[in-house]
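Source file structure-v5.cif; content: mmCIF, C-alpha atoms (C1' of nucleotides).
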```cif
data_input
#
loop_
_atom_site.group_PDB
_atom_site.id
_atom_site.type_symbol
_atom_site.label_atom_id
_atom_site.label_comp_id
_atom_site.auth_asym_id
_atom_site.auth_seq_id
_atom_site.Cartn_x
_atom_site.Cartn_y
_atom_site.Cartn_z
ATOM 1 C CA MET A 924 -35.452 -4.400 17.702
ATOM 2 C CA ARG A 925 -32.268 -2.389 17.635
ATOM 3 C CA LYS A 926 -31.486 -0.474 14.496
ATOM 4 C CA LYS A 927 -28.399 -1.744 12.752
ATOM 5 C CA LYS A 928 -25.948 0.949 11.698
ATOM 6 C CA SER A 929 -24.650 -0.446 8.472
ATOM 7 C CA ASN A 930 -23.773 2.739 6.725
ATOM 8 C CA GLU A 931 -20.671 4.061 8.399
ATOM 9 C CA LEU A 932 -17.838 4.767 6.030
ATOM 10 C CA LEU A 933 -14.119 4.456 6.594
ATOM 11 C CA THR A 934 -11.905 7.501 6.537
ATOM 12 C CA GLU A 935 -8.962 7.630 4.165
ATOM 13 C CA VAL A 936 -6.418 6.216 6.583
ATOM 14 C CA GLU A 937 -8.819 3.704 8.032
ATOM 15 C CA LEU A 938 -9.432 2.361 4.541
ATOM 16 C CA GLU A 939 -5.701 2.184 3.928
ATOM 17 C CA PHE A 940 -5.393 -0.028 6.985
ATOM 18 C CA MET A 941 -8.440 -2.146 6.265
ATOM 19 C CA ASN A 942 -7.058 -2.914 2.820
ATOM 20 C CA GLU A 943 -3.984 -4.411 4.433
ATOM 21 C CA LEU A 944 -6.015 -6.381 6.928
ATOM 22 C CA TRP A 945 -8.274 -7.695 4.199
ATOM 23 C CA ALA A 946 -5.224 -8.798 2.250
ATOM 24 C CA LEU A 947 -3.664 -10.400 5.315
ATOM 25 C CA GLY A 948 -6.816 -11.937 6.690
ATOM 26 C CA GLU A 949 -5.665 -10.726 10.077
ATOM 27 C CA GLY A 950 -2.591 -9.112 11.562
ATOM 28 C CA THR A 951 -0.833 -7.213 14.300
ATOM 29 C CA VAL A 952 0.095 -3.555 14.310
ATOM 30 C CA ARG A 953 3.528 -4.572 13.099
ATOM 31 C CA ASP A 954 2.124 -6.723 10.286
ATOM 32 C CA VAL A 955 0.062 -3.875 8.914
ATOM 33 C CA LEU A 956 2.835 -1.344 9.310
ATOM 34 C CA ASP A 957 5.246 -3.587 7.418
ATOM 35 C CA ARG A 958 2.882 -3.796 4.486
ATOM 36 C CA LEU A 959 2.577 -0.044 3.998
ATOM 37 C CA PRO A 960 4.319 1.140 0.853
ATOM 38 C CA GLU A 961 7.782 2.615 0.638
ATOM 39 C CA GLY A 962 7.842 6.203 1.836
ATOM 40 C CA ARG A 963 4.760 5.889 3.975
ATOM 41 C CA ASP A 964 6.552 6.590 7.234
ATOM 42 C CA LEU A 965 4.117 6.241 10.037
ATOM 43 C CA ALA A 966 5.128 5.904 13.666
ATOM 44 C CA TYR A 967 4.313 2.617 15.300
ATOM 45 C CA THR A 968 2.054 4.356 17.780
ATOM 46 C CA SER A 969 0.145 6.031 14.986
ATOM 47 C CA ALA A 970 -0.610 2.694 13.424
ATOM 48 C CA ALA A 971 -1.682 1.353 16.787
ATOM 49 C CA THR A 972 -4.021 4.305 17.211
ATOM 50 C CA ILE A 973 -5.674 3.740 13.851
ATOM 51 C CA LEU A 974 -6.308 0.110 14.699
ATOM 52 C CA ARG A 975 -7.675 1.058 18.098
ATOM 53 C CA ILE A 976 -10.096 3.437 16.393
ATOM 54 C CA LEU A 977 -11.118 0.778 13.899
ATOM 55 C CA GLU A 978 -11.894 -1.473 16.820
ATOM 56 C CA GLN A 979 -13.918 1.248 18.537
ATOM 57 C CA LYS A 980 -15.907 1.739 15.351
ATOM 58 C CA GLU A 981 -16.333 -2.028 15.181
ATOM 59 C CA PHE A 982 -14.736 -2.503 11.801
ATOM 60 C CA VAL A 983 -12.334 -4.965 13.398
ATOM 61 C CA THR A 984 -12.169 -7.162 16.446
ATOM 62 C CA SER A 985 -9.027 -8.352 18.174
ATOM 63 C CA ARG A 986 -7.662 -11.206 20.149
ATOM 64 C CA LYS A 987 -4.604 -11.422 22.319
ATOM 65 C CA ASP A 988 -1.709 -13.496 21.036
ATOM 66 C CA GLY A 989 1.307 -13.522 23.297
ATOM 67 C CA LYS A 990 2.325 -9.955 23.848
ATOM 68 C CA SER A 991 0.398 -8.471 20.946
ATOM 69 C CA HIS A 992 -3.059 -8.002 19.641
ATOM 70 C CA VAL A 993 -4.145 -9.580 16.408
ATOM 71 C CA PHE A 994 -6.729 -7.580 14.531
ATOM 72 C CA ILE A 995 -9.407 -9.249 12.439
ATOM 73 C CA PRO A 996 -11.797 -7.470 10.052
ATOM 74 C CA SER A 997 -15.356 -7.848 11.248
ATOM 75 C CA LEU A 998 -16.671 -6.724 7.871
ATOM 76 C CA GLY A 999 -15.671 -8.340 4.606
ATOM 77 C CA LYS A 1000 -14.166 -6.306 1.825
ATOM 78 C CA ASP A 1001 -17.034 -7.371 -0.425
ATOM 79 C CA ALA A 1002 -19.596 -6.014 1.995
ATOM 80 C CA TYR A 1003 -17.736 -2.764 2.352
ATOM 81 C CA GLN A 1004 -17.407 -2.417 -1.400
ATOM 82 C CA THR A 1005 -21.159 -2.761 -1.717
ATOM 83 C CA ARG A 1006 -21.697 -0.215 1.022
ATOM 84 C CA SER A 1007 -19.334 2.246 -0.628
ATOM 85 C CA LEU A 1008 -20.970 1.888 -4.001
ATOM 86 C CA LYS A 1009 -24.407 2.467 -2.513
ATOM 87 C CA ASP A 1010 -23.113 5.596 -0.837
ATOM 88 C CA LEU A 1011 -21.481 6.939 -3.969
ATOM 89 C CA SER A 1012 -24.501 6.099 -6.044
ATOM 90 C CA MET A 1013 -26.716 7.947 -3.591
ATOM 91 C CA LYS A 1014 -24.566 11.022 -3.272
ATOM 92 C CA LEU A 1015 -23.323 11.502 -6.801
ATOM 93 C CA PHE A 1016 -25.538 9.451 -9.119
ATOM 94 C CA ASP A 1017 -29.048 10.395 -8.001
ATOM 95 C CA ASP A 1018 -29.413 7.028 -6.349
ATOM 96 C CA THR A 1019 -29.519 5.204 -9.658
ATOM 97 C CA PRO A 1020 -26.674 2.683 -9.893
ATOM 98 C CA VAL A 1021 -27.303 2.355 -13.596
ATOM 99 C CA SER A 1022 -26.094 5.876 -14.206
ATOM 100 C CA LEU A 1023 -22.953 5.002 -12.296
ATOM 101 C CA VAL A 1024 -22.250 2.151 -14.662
ATOM 102 C CA ALA A 1025 -23.143 4.373 -17.570
ATOM 103 C CA ARG A 1026 -20.472 6.829 -16.537
ATOM 104 C CA LEU A 1027 -17.942 4.064 -16.165
ATOM 105 C CA VAL A 1028 -18.786 2.502 -19.494
ATOM 106 C CA ASN A 1029 -18.460 5.859 -21.177
ATOM 107 C CA ASP A 1030 -14.957 6.301 -19.868
ATOM 108 C CA ASP A 1031 -12.620 6.273 -22.836
ATOM 109 C CA GLU A 1032 -9.906 4.546 -20.885
ATOM 110 C CA LEU A 1033 -11.989 1.423 -20.488
ATOM 111 C CA THR A 1034 -10.797 -1.236 -22.913
ATOM 112 C CA ASP A 1035 -13.011 -3.372 -25.107
ATOM 113 C CA GLU A 1036 -11.769 -6.360 -23.197
ATOM 114 C CA ALA A 1037 -13.003 -4.856 -19.951
ATOM 115 C CA LEU A 1038 -16.323 -4.093 -21.579
ATOM 116 C CA GLY A 1039 -16.583 -7.668 -22.743
ATOM 117 C CA THR A 1040 -15.932 -8.908 -19.242
ATOM 118 C CA ILE A 1041 -18.613 -6.641 -17.900
ATOM 119 C CA ARG A 1042 -21.135 -7.895 -20.426
ATOM 120 C CA ALA A 1043 -20.295 -11.455 -19.508
ATOM 121 C CA LEU A 1044 -20.883 -10.671 -15.848
ATOM 122 C CA VAL A 1045 -24.256 -9.162 -16.569
ATOM 123 C CA ASP A 1046 -25.286 -12.016 -18.814
ATOM 124 C CA ARG A 1047 -24.324 -14.582 -16.251
ATOM 125 C CA ARG A 1048 -26.299 -12.838 -13.589
ATOM 126 C CA LEU A 1049 -29.366 -12.489 -15.804
ATOM 127 C CA LYS A 1050 -29.186 -16.166 -16.782
ATOM 128 C CA ASN A 1051 -28.902 -17.305 -13.181
ATOM 129 C CA ASP A 1052 -31.921 -15.286 -12.136
ATOM 130 C CA THR A 1053 -34.253 -16.818 -14.689
ATOM 131 C CA GLY A 1054 -32.710 -20.257 -14.956
ATOM 132 C CA MET B 1245 4.258 22.788 -18.877
ATOM 133 C CA ARG B 1246 2.435 23.082 -15.592
ATOM 134 C CA LYS B 1247 1.010 19.956 -14.071
ATOM 135 C CA LYS B 1248 -2.759 19.962 -13.861
ATOM 136 C CA LYS B 1249 -4.174 18.853 -10.538
ATOM 137 C CA SER B 1250 -7.233 16.939 -11.622
ATOM 138 C CA ASN B 1251 -7.588 14.629 -8.720
ATOM 139 C CA GLU B 1252 -8.869 16.679 -5.832
ATOM 140 C CA LEU B 1253 -12.008 15.339 -4.267
ATOM 141 C CA LEU B 1254 -14.882 17.194 -2.693
ATOM 142 C CA THR B 1255 -15.645 16.838 0.982
ATOM 143 C CA GLU B 1256 -19.094 15.704 2.069
ATOM 144 C CA VAL B 1257 -20.573 19.168 2.437
ATOM 145 C CA GLU B 1258 -18.819 20.498 -0.621
ATOM 146 C CA LEU B 1259 -20.409 17.715 -2.648
ATOM 147 C CA GLU B 1260 -23.777 18.502 -1.153
ATOM 148 C CA PHE B 1261 -23.421 22.055 -2.428
ATOM 149 C CA MET B 1262 -22.002 21.133 -5.817
ATOM 150 C CA ASN B 1263 -24.972 18.869 -6.391
ATOM 151 C CA GLU B 1264 -27.293 21.834 -5.998
ATOM 152 C CA LEU B 1265 -25.179 24.009 -8.226
ATOM 153 C CA TRP B 1266 -25.046 21.307 -10.874
ATOM 154 C CA ALA B 1267 -28.827 21.035 -10.726
ATOM 155 C CA LEU B 1268 -29.261 24.793 -10.880
ATOM 156 C CA GLY B 1269 -26.608 25.468 -13.458
ATOM 157 C CA GLU B 1270 -25.560 28.380 -11.312
ATOM 158 C CA GLY B 1271 -26.819 30.169 -8.231
ATOM 159 C CA THR B 1272 -26.320 32.486 -5.311
ATOM 160 C CA VAL B 1273 -25.771 31.530 -1.702
ATOM 161 C CA ARG B 1274 -29.483 31.997 -1.168
ATOM 162 C CA ASP B 1275 -30.397 29.830 -4.150
ATOM 163 C CA VAL B 1276 -28.338 26.933 -2.877
ATOM 164 C CA LEU B 1277 -29.524 27.323 0.691
ATOM 165 C CA ASP B 1278 -33.148 27.270 -0.426
ATOM 166 C CA ARG B 1279 -32.643 23.980 -2.209
ATOM 167 C CA LEU B 1280 -31.291 22.128 0.808
ATOM 168 C CA PRO B 1281 -33.732 19.562 2.123
ATOM 169 C CA GLU B 1282 -36.135 19.991 4.985
ATOM 170 C CA GLY B 1283 -34.379 19.825 8.317
ATOM 171 C CA ARG B 1284 -31.000 20.758 6.943
ATOM 172 C CA ASP B 1285 -30.736 23.957 8.933
ATOM 173 C CA LEU B 1286 -27.580 25.715 7.953
ATOM 174 C CA ALA B 1287 -26.853 29.338 8.725
ATOM 175 C CA TYR B 1288 -26.602 31.653 5.771
ATOM 176 C CA THR B 1289 -23.023 32.462 6.654
ATOM 177 C CA SER B 1290 -22.138 28.790 6.764
ATOM 178 C CA ALA B 1291 -23.411 28.329 3.243
ATOM 179 C CA ALA B 1292 -21.462 31.378 2.144
ATOM 180 C CA THR B 1293 -18.324 29.939 3.690
ATOM 181 C CA ILE B 1294 -18.715 26.641 1.851
ATOM 182 C CA LEU B 1295 -19.092 28.427 -1.460
ATOM 183 C CA ARG B 1296 -16.099 30.610 -0.736
ATOM 184 C CA ILE B 1297 -14.055 27.493 -0.067
ATOM 185 C CA LEU B 1298 -15.305 25.882 -3.261
ATOM 186 C CA GLU B 1299 -14.128 28.939 -5.106
ATOM 187 C CA GLN B 1300 -10.725 28.814 -3.398
ATOM 188 C CA LYS B 1301 -10.394 25.188 -4.445
ATOM 189 C CA GLU B 1302 -11.462 26.213 -7.953
ATOM 190 C CA PHE B 1303 -14.472 23.953 -8.156
ATOM 191 C CA VAL B 1304 -16.576 27.031 -8.906
ATOM 192 C CA THR B 1305 -16.089 30.528 -10.222
ATOM 193 C CA SER B 1306 -18.273 33.498 -9.478
ATOM 194 C CA ARG B 1307 -19.494 36.702 -10.997
ATOM 195 C CA LYS B 1308 -21.068 39.702 -9.384
ATOM 196 C CA ASP B 1309 -24.767 40.269 -10.021
ATOM 197 C CA GLY B 1310 -26.164 43.300 -8.257
ATOM 198 C CA LYS B 1311 -25.550 42.855 -4.586
ATOM 199 C CA SER B 1312 -24.753 39.164 -4.708
ATOM 200 C CA HIS B 1313 -22.358 36.679 -6.120
ATOM 201 C CA VAL B 1314 -23.491 34.049 -8.541
ATOM 202 C CA PHE B 1315 -21.526 30.816 -8.354
ATOM 203 C CA ILE B 1316 -20.905 28.656 -11.388
ATOM 204 C CA PRO B 1317 -19.433 25.154 -11.369
ATOM 205 C CA SER B 1318 -16.127 25.106 -13.170
ATOM 206 C CA LEU B 1319 -16.191 21.323 -13.362
ATOM 207 C CA GLY B 1320 -19.075 19.368 -14.829
ATOM 208 C CA LYS B 1321 -20.857 16.738 -12.826
ATOM 209 C CA ASP B 1322 -19.930 14.153 -15.445
ATOM 210 C CA ALA B 1323 -16.265 14.902 -15.068
ATOM 211 C CA TYR B 1324 -16.467 14.740 -11.319
ATOM 212 C CA GLN B 1325 -18.345 11.454 -11.464
ATOM 213 C CA THR B 1326 -15.553 9.996 -13.553
ATOM 214 C CA ARG B 1327 -12.956 11.326 -11.170
ATOM 215 C CA SER B 1328 -14.769 9.853 -8.169
ATOM 216 C CA LEU B 1329 -15.136 6.466 -9.766
ATOM 217 C CA LYS B 1330 -11.447 6.372 -10.617
ATOM 218 C CA ASP B 1331 -10.627 7.210 -7.031
ATOM 219 C CA LEU B 1332 -12.937 4.584 -5.588
ATOM 220 C CA SER B 1333 -11.725 2.016 -8.046
ATOM 221 C CA MET B 1334 -8.152 2.740 -7.088
ATOM 222 C CA LYS B 1335 -8.664 2.711 -3.349
ATOM 223 C CA LEU B 1336 -11.149 -0.095 -2.908
ATOM 224 C CA PHE B 1337 -11.138 -2.192 -6.085
ATOM 225 C CA ASP B 1338 -7.438 -2.778 -6.710
ATOM 226 C CA ASP B 1339 -7.557 -0.303 -9.556
ATOM 227 C CA THR B 1340 -9.646 -2.597 -11.729
ATOM 228 C CA PRO B 1341 -12.952 -0.945 -12.654
ATOM 229 C CA VAL B 1342 -14.288 -4.284 -13.811
ATOM 230 C CA SER B 1343 -14.313 -5.589 -10.274
ATOM 231 C CA LEU B 1344 -16.280 -2.532 -9.278
ATOM 232 C CA VAL B 1345 -18.954 -3.369 -11.806
ATOM 233 C CA ALA B 1346 -18.813 -6.990 -10.748
ATOM 234 C CA ARG B 1347 -19.631 -5.993 -7.205
ATOM 235 C CA LEU B 1348 -22.487 -3.841 -8.376
ATOM 236 C CA VAL B 1349 -23.914 -6.509 -10.634
ATOM 237 C CA ASN B 1350 -23.765 -8.994 -7.822
ATOM 238 C CA ASP B 1351 -25.836 -6.774 -5.602
ATOM 239 C CA ASP B 1352 -29.130 -8.545 -4.984
ATOM 240 C CA GLU B 1353 -31.064 -5.309 -4.919
ATOM 241 C CA LEU B 1354 -30.270 -4.625 -8.545
ATOM 242 C CA THR B 1355 -33.313 -5.395 -10.664
ATOM 243 C CA ASP B 1356 -33.298 -7.369 -13.888
ATOM 244 C CA GLU B 1357 -34.468 -4.257 -15.620
ATOM 245 C CA ALA B 1358 -31.415 -2.370 -14.386
ATOM 246 C CA LEU B 1359 -29.218 -5.231 -15.510
ATOM 247 C CA GLY B 1360 -30.815 -5.107 -18.926
ATOM 248 C CA THR B 1361 -30.145 -1.410 -19.168
ATOM 249 C CA ILE B 1362 -26.542 -1.956 -18.246
ATOM 250 C CA ARG B 1363 -26.110 -4.609 -20.881
ATOM 251 C CA ALA B 1364 -27.625 -2.319 -23.469
ATOM 252 C CA LEU B 1365 -25.167 0.407 -22.498
ATOM 253 C CA VAL B 1366 -22.239 -1.937 -22.856
ATOM 254 C CA ASP B 1367 -23.463 -3.303 -26.174
ATOM 255 C CA ARG B 1368 -23.936 0.150 -27.588
ATOM 256 C CA ARG B 1369 -20.469 1.182 -26.577
ATOM 257 C CA LEU B 1370 -18.912 -1.961 -28.035
ATOM 258 C CA LYS B 1371 -20.803 -1.505 -31.263
ATOM 259 C CA ASN B 1372 -19.758 2.121 -31.604
ATOM 260 C CA ASP B 1373 -16.102 1.272 -31.119
ATOM 261 C CA THR B 1374 -15.951 -1.243 -33.922
ATOM 262 C CA GLY B 1375 -18.568 0.275 -36.242
ATOM 263 C "C1'" DT C 310 -28.132 61.529 1.291
ATOM 264 C "C1'" DT C 311 -29.425 59.116 4.973
ATOM 265 C "C1'" DT C 312 -30.937 54.684 6.196
ATOM 266 C "C1'" DG C 313 -32.015 49.946 6.225
ATOM 267 C "C1'" DA C 314 -31.909 45.289 4.669
ATOM 268 C "C1'" DA C 315 -29.287 41.887 2.429
ATOM 269 C "C1'" DA C 316 -24.938 40.189 1.168
ATOM 270 C "C1'" DA C 317 -19.997 39.675 1.649
ATOM 271 C "C1'" DA C 318 -15.778 39.481 4.306
ATOM 272 C "C1'" DC C 319 -13.591 38.143 8.074
ATOM 273 C "C1'" DT C 320 -12.808 35.600 12.240
ATOM 274 C "C1'" DA C 321 -13.212 31.876 14.901
ATOM 275 C "C1'" DA C 322 -15.326 28.013 17.581
ATOM 276 C "C1'" DA C 323 -16.429 23.124 17.329
ATOM 277 C "C1'" DA C 324 -15.851 18.645 15.483
ATOM 278 C "C1'" DA C 325 -13.472 15.097 13.062
ATOM 279 C "C1'" DC C 326 -9.222 13.164 11.376
ATOM 280 C "C1'" DT C 327 -4.294 12.187 11.484
ATOM 281 C "C1'" DT C 328 -0.197 11.697 13.775
ATOM 282 C "C1'" DC C 329 2.873 10.860 17.548
ATOM 283 C "C1'" DG C 330 5.084 11.141 22.354
ATOM 284 C "C1'" DT C 331 5.163 9.470 27.123
ATOM 285 C "C1'" DA C 332 4.054 6.306 30.427
ATOM 286 C "C1'" DT C 333 2.683 1.813 31.600
ATOM 287 C "C1'" DT C 334 2.184 -3.063 30.975
ATOM 288 C "C1'" DT C 335 3.586 -7.463 29.300
ATOM 289 C "C1'" DA C 336 6.117 -11.525 28.640
ATOM 290 C "C1'" DC C 337 10.516 -13.454 28.056
ATOM 291 C "C1'" DT C 338 15.441 -14.177 29.732
ATOM 292 C "C1'" DC C 339 19.070 -14.402 33.066
ATOM 293 C "C1'" DG D 390 12.564 -11.739 40.987
ATOM 294 C "C1'" DA D 391 15.234 -7.923 38.151
ATOM 295 C "C1'" DG D 392 16.148 -6.434 33.686
ATOM 296 C "C1'" DT D 393 14.697 -5.462 29.165
ATOM 297 C "C1'" DA D 394 12.693 -5.199 24.713
ATOM 298 C "C1'" DA D 395 8.363 -4.896 22.584
ATOM 299 C "C1'" DA D 396 3.635 -3.852 22.871
ATOM 300 C "C1'" DT D 397 -0.353 -1.297 24.620
ATOM 301 C "C1'" DA D 398 -2.834 2.632 26.758
ATOM 302 C "C1'" DC D 399 -3.493 7.221 27.143
ATOM 303 C "C1'" DG D 400 -3.325 11.860 26.070
ATOM 304 C "C1'" DA D 401 -2.710 15.374 23.137
ATOM 305 C "C1'" DA D 402 -0.886 18.402 19.289
ATOM 306 C "C1'" DG D 403 -1.581 19.650 14.492
ATOM 307 C "C1'" DT D 404 -4.643 19.721 10.585
ATOM 308 C "C1'" DT D 405 -8.810 19.776 7.972
ATOM 309 C "C1'" DT D 406 -13.712 20.186 7.858
ATOM 310 C "C1'" DT D 407 -18.028 22.091 9.321
ATOM 311 C "C1'" DT D 408 -20.589 25.586 11.296
ATOM 312 C "C1'" DA D 409 -21.668 30.180 12.697
ATOM 313 C "C1'" DG D 410 -21.053 34.957 14.796
ATOM 314 C "C1'" DT D 411 -19.510 39.870 14.051
ATOM 315 C "C1'" DT D 412 -18.235 43.547 11.214
ATOM 316 C "C1'" DT D 413 -18.154 45.762 6.891
ATOM 317 C "C1'" DT D 414 -19.881 46.684 2.374
ATOM 318 C "C1'" DT D 415 -23.375 47.272 -1.030
ATOM 319 C "C1'" DC D 416 -27.398 48.631 -3.243
ATOM 320 C "C1'" DA D 417 -31.762 50.632 -3.361
ATOM 321 C "C1'" DA D 418 -35.584 53.051 -1.424
ATOM 322 C "C1'" DA D 419 -37.386 56.862 1.146
#
```

Before anything else, please render the file you have as structure tokens.
Amino acid sequence: MRKKKSNELLTEVELEFMNELWALGEGTVRDVLDRLPEGRDLAYTSAATILRILEQKEFVTSRKDGKSHVFIPSLGKDAYQTRSLKDLSMKLFDDTPVSLVARLVNDDELTDEALGTIRALVDRRLKNDTG
Amino acid sequence: MRKKKSNELLTEVELEFMNELWALGEGTVRDVLDRLPEGRDLAYTSAATILRILEQKEFVTSRKDGKSHVFIPSLGKDAYQTRSLKDLSMKLFDDTPVSLVARLVNDDELTDEALGTIRALVDRRLKNDTG
DNA sequence: TTTGAAAAACTAAAAACTTCGTATTTACTC
DNA sequence: GAGTAAATACGAAGTTTTTAGTTTTTCAAA
């Protein structure tokens, strides 16, 4: 059985592009480029290159539509979020996700409302597991 | 007043080294090199280069001790953890830390025990804020 | 005080990432 | 089919990151 490589991480710019594709569902070079924020002046060919690389790395697939390619994420944002958190937890939190949450919860900028939401999430998950 | 630049992130190898320094408290090139795991064969000069760069970027300071330099983190691991989480939250979780926790809590590999610990952390923090 | 081993300083090669220009292809219009 | 505007393919320059070699300095021991 072939080993699945499910631990590759996106570079900064790749992530920037994936975020747009995740928001769009799918899109052409032009679609992604148009979504980039004011002041982010990237040549059309640069954008095309990034998407080509993402396809090489198998983060997206593409289909032909008329003259252009339409790029489609082959990995959901959820899945990538999980992968990223595992990586960060491993590299900076001694591989214990709890300490990651501990750090977050200790952040002064986190509001009580946010904390309440978090507790609700945890409670719901605990209830579902037993019930 | 000068603007503080408190948002620089460590590269992969820089983080690898900072982790050892954080564990050691402080250490020489040799100290760090000796702590790297089996199979991580890095030349002495490479390690020295990394530490020099970390000093340039002001993640560490150093003092002379006999023949060698002793490197000391100038940023605590806690602080860097917070910084990293903010960055990840911004780039991959629409700047809402709650959704980061939601993703983590939804991870099937998280045990009920871990969930319990997380809830306790949240409860304690909520209690302290009001009490 | 010479000498030798260890460290530092410096330089630079190799690899990865980011950006873009040129050339070619594509599909539509006349 | 020829013209043309838009897209792709390809190659590569510039930058940052990672790694390591060479030279110089430093300290201590003989």

Just so the selection is clear, what residues does the PyMOL selection byres ((chain D) within 12 of (chain B)) cover here, as a PyMOL selection string?
chain D and resi 405-411+414-417

Could you list, as a PyMOL selection string, every residue of chain C that has an atom within 9 Å of an atom of chain B, counting all atoms listed in the file?
chain C and resi 315-317

Using all atoms listed in the file, I'd like every residue of chain B that has an atom within 7 Å of chain A; please write them out as a list in words.
Gln1325, Thr1326, Leu1336, Val1342, Val1345, Ala1346, Arg1347, Leu1348, Val1349, Asp1356, Ala1358, Leu1359, Ile1362, Arg1363, Leu1365, Val1366 and Leu1370 of chain B

Just to be explicit: take each residue in the selection above, keep C-alpha atoms, and write the result as a short mmCIF file (atom, residue, chain, number, x, y, z; two decimals), keeping the file's coordinate frame.
```cif
data_model
loop_
_atom_site.label_atom_id
_atom_site.label_comp_id
_atom_site.auth_asym_id
_atom_site.auth_seq_id
_atom_site.Cartn_x
_atom_site.Cartn_y
_atom_site.Cartn_z
CA GLN B 1325 -18.34 11.45 -11.46
CA THR B 1326 -15.55 10.00 -13.55
CA LEU B 1336 -11.15 -0.10 -2.91
CA VAL B 1342 -14.29 -4.28 -13.81
CA VAL B 1345 -18.95 -3.37 -11.81
CA ALA B 1346 -18.81 -6.99 -10.75
CA ARG B 1347 -19.63 -5.99 -7.20
CA LEU B 1348 -22.49 -3.84 -8.38
CA VAL B 1349 -23.91 -6.51 -10.63
CA ASP B 1356 -33.30 -7.37 -13.89
CA ALA B 1358 -31.42 -2.37 -14.39
CA LEU B 1359 -29.22 -5.23 -15.51
CA ILE B 1362 -26.54 -1.96 -18.25
CA ARG B 1363 -26.11 -4.61 -20.88
CA LEU B 1365 -25.17 0.41 -22.50
CA VAL B 1366 -22.24 -1.94 -22.86
CA LEU B 1370 -18.91 -1.96 -28.04
#
```

Mind listing whatever residues come within 10 Å of the point (5.6, 7.2, 26.9)? Use only C-alpha atoms (C1' of nucleotides), file coordinates, and give them as an MDAnalysis selection string.
(chainID C and resid 330:333) or (chainID D and resid 398:399)

What does the distance from CA of Asp1309 in chain B to CA of Thr1272 in chain B come to in Å, to one decimal?
9.2 Å

Residues returned when the PyMOL selection byres ((chain B and resi 1303) around 12) runs on this file, as an mmCIF file with C-alpha atoms, in the frame of the given file:
```cif
data_model
loop_
_atom_site.group_PDB
_atom_site.id
_atom_site.type_symbol
_atom_site.label_atom_id
_atom_site.label_comp_id
_atom_site.auth_asym_id
_atom_site.auth_seq_id
_atom_site.Cartn_x
_atom_site.Cartn_y
_atom_site.Cartn_z
ATOM 1 C CA LYS B 1249 -4.174 18.853 -10.538
ATOM 2 C CA SER B 1250 -7.233 16.939 -11.622
ATOM 3 C CA ASN B 1251 -7.588 14.629 -8.720
ATOM 4 C CA GLU B 1252 -8.869 16.679 -5.832
ATOM 5 C CA LEU B 1253 -12.008 15.339 -4.267
ATOM 6 C CA LEU B 1254 -14.882 17.194 -2.693
ATOM 7 C CA THR B 1255 -15.645 16.838 0.982
ATOM 8 C CA GLU B 1258 -18.819 20.498 -0.621
ATOM 9 C CA LEU B 1259 -20.409 17.715 -2.648
ATOM 10 C CA PHE B 1261 -23.421 22.055 -2.428
ATOM 11 C CA MET B 1262 -22.002 21.133 -5.817
ATOM 12 C CA ASN B 1263 -24.972 18.869 -6.391
ATOM 13 C CA LEU B 1265 -25.179 24.009 -8.226
ATOM 14 C CA TRP B 1266 -25.046 21.307 -10.874
ATOM 15 C CA ILE B 1294 -18.715 26.641 1.851
ATOM 16 C CA LEU B 1295 -19.092 28.427 -1.460
ATOM 17 C CA ARG B 1296 -16.099 30.610 -0.736
ATOM 18 C CA ILE B 1297 -14.055 27.493 -0.067
ATOM 19 C CA LEU B 1298 -15.305 25.882 -3.261
ATOM 20 C CA GLU B 1299 -14.128 28.939 -5.106
ATOM 21 C CA GLN B 1300 -10.725 28.814 -3.398
ATOM 22 C CA LYS B 1301 -10.394 25.188 -4.445
ATOM 23 C CA GLU B 1302 -11.462 26.213 -7.953
ATOM 24 C CA VAL B 1304 -16.576 27.031 -8.906
ATOM 25 C CA THR B 1305 -16.089 30.528 -10.222
ATOM 26 C CA SER B 1306 -18.273 33.498 -9.478
ATOM 27 C CA PHE B 1315 -21.526 30.816 -8.354
ATOM 28 C CA ILE B 1316 -20.905 28.656 -11.388
ATOM 29 C CA PRO B 1317 -19.433 25.154 -11.369
ATOM 30 C CA SER B 1318 -16.127 25.106 -13.170
ATOM 31 C CA LEU B 1319 -16.191 21.323 -13.362
ATOM 32 C CA GLY B 1320 -19.075 19.368 -14.829
ATOM 33 C CA LYS B 1321 -20.857 16.738 -12.826
ATOM 34 C CA ALA B 1323 -16.265 14.902 -15.068
ATOM 35 C CA TYR B 1324 -16.467 14.740 -11.319
#
```

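C1' of DT327 in chain C sits 7.6 Å away from C1' of DT404 in chain D.
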
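Residues selected in this file by the PyMOL selection byres ((chain C and resi 311) around 12) comprise DT310, DT312 and DG313 of chain C; DA418 and DA419 of chain D.
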
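C1' of DT397 in chain D is positioned 7.1 Å from C1' of DT334 in chain C.
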
Draw an axis-aligned box over all listed atoms of range 331-338 of chain C, pad each side with 4 Å, and write its centre and edge lengths in Å, one decimal, as AutoDock Vina command-line options.
```
--center_x 8.8 --center_y -2.4 --center_z 29.4 --size_x 21.3 --size_y 31.6 --size_z 12.5
```
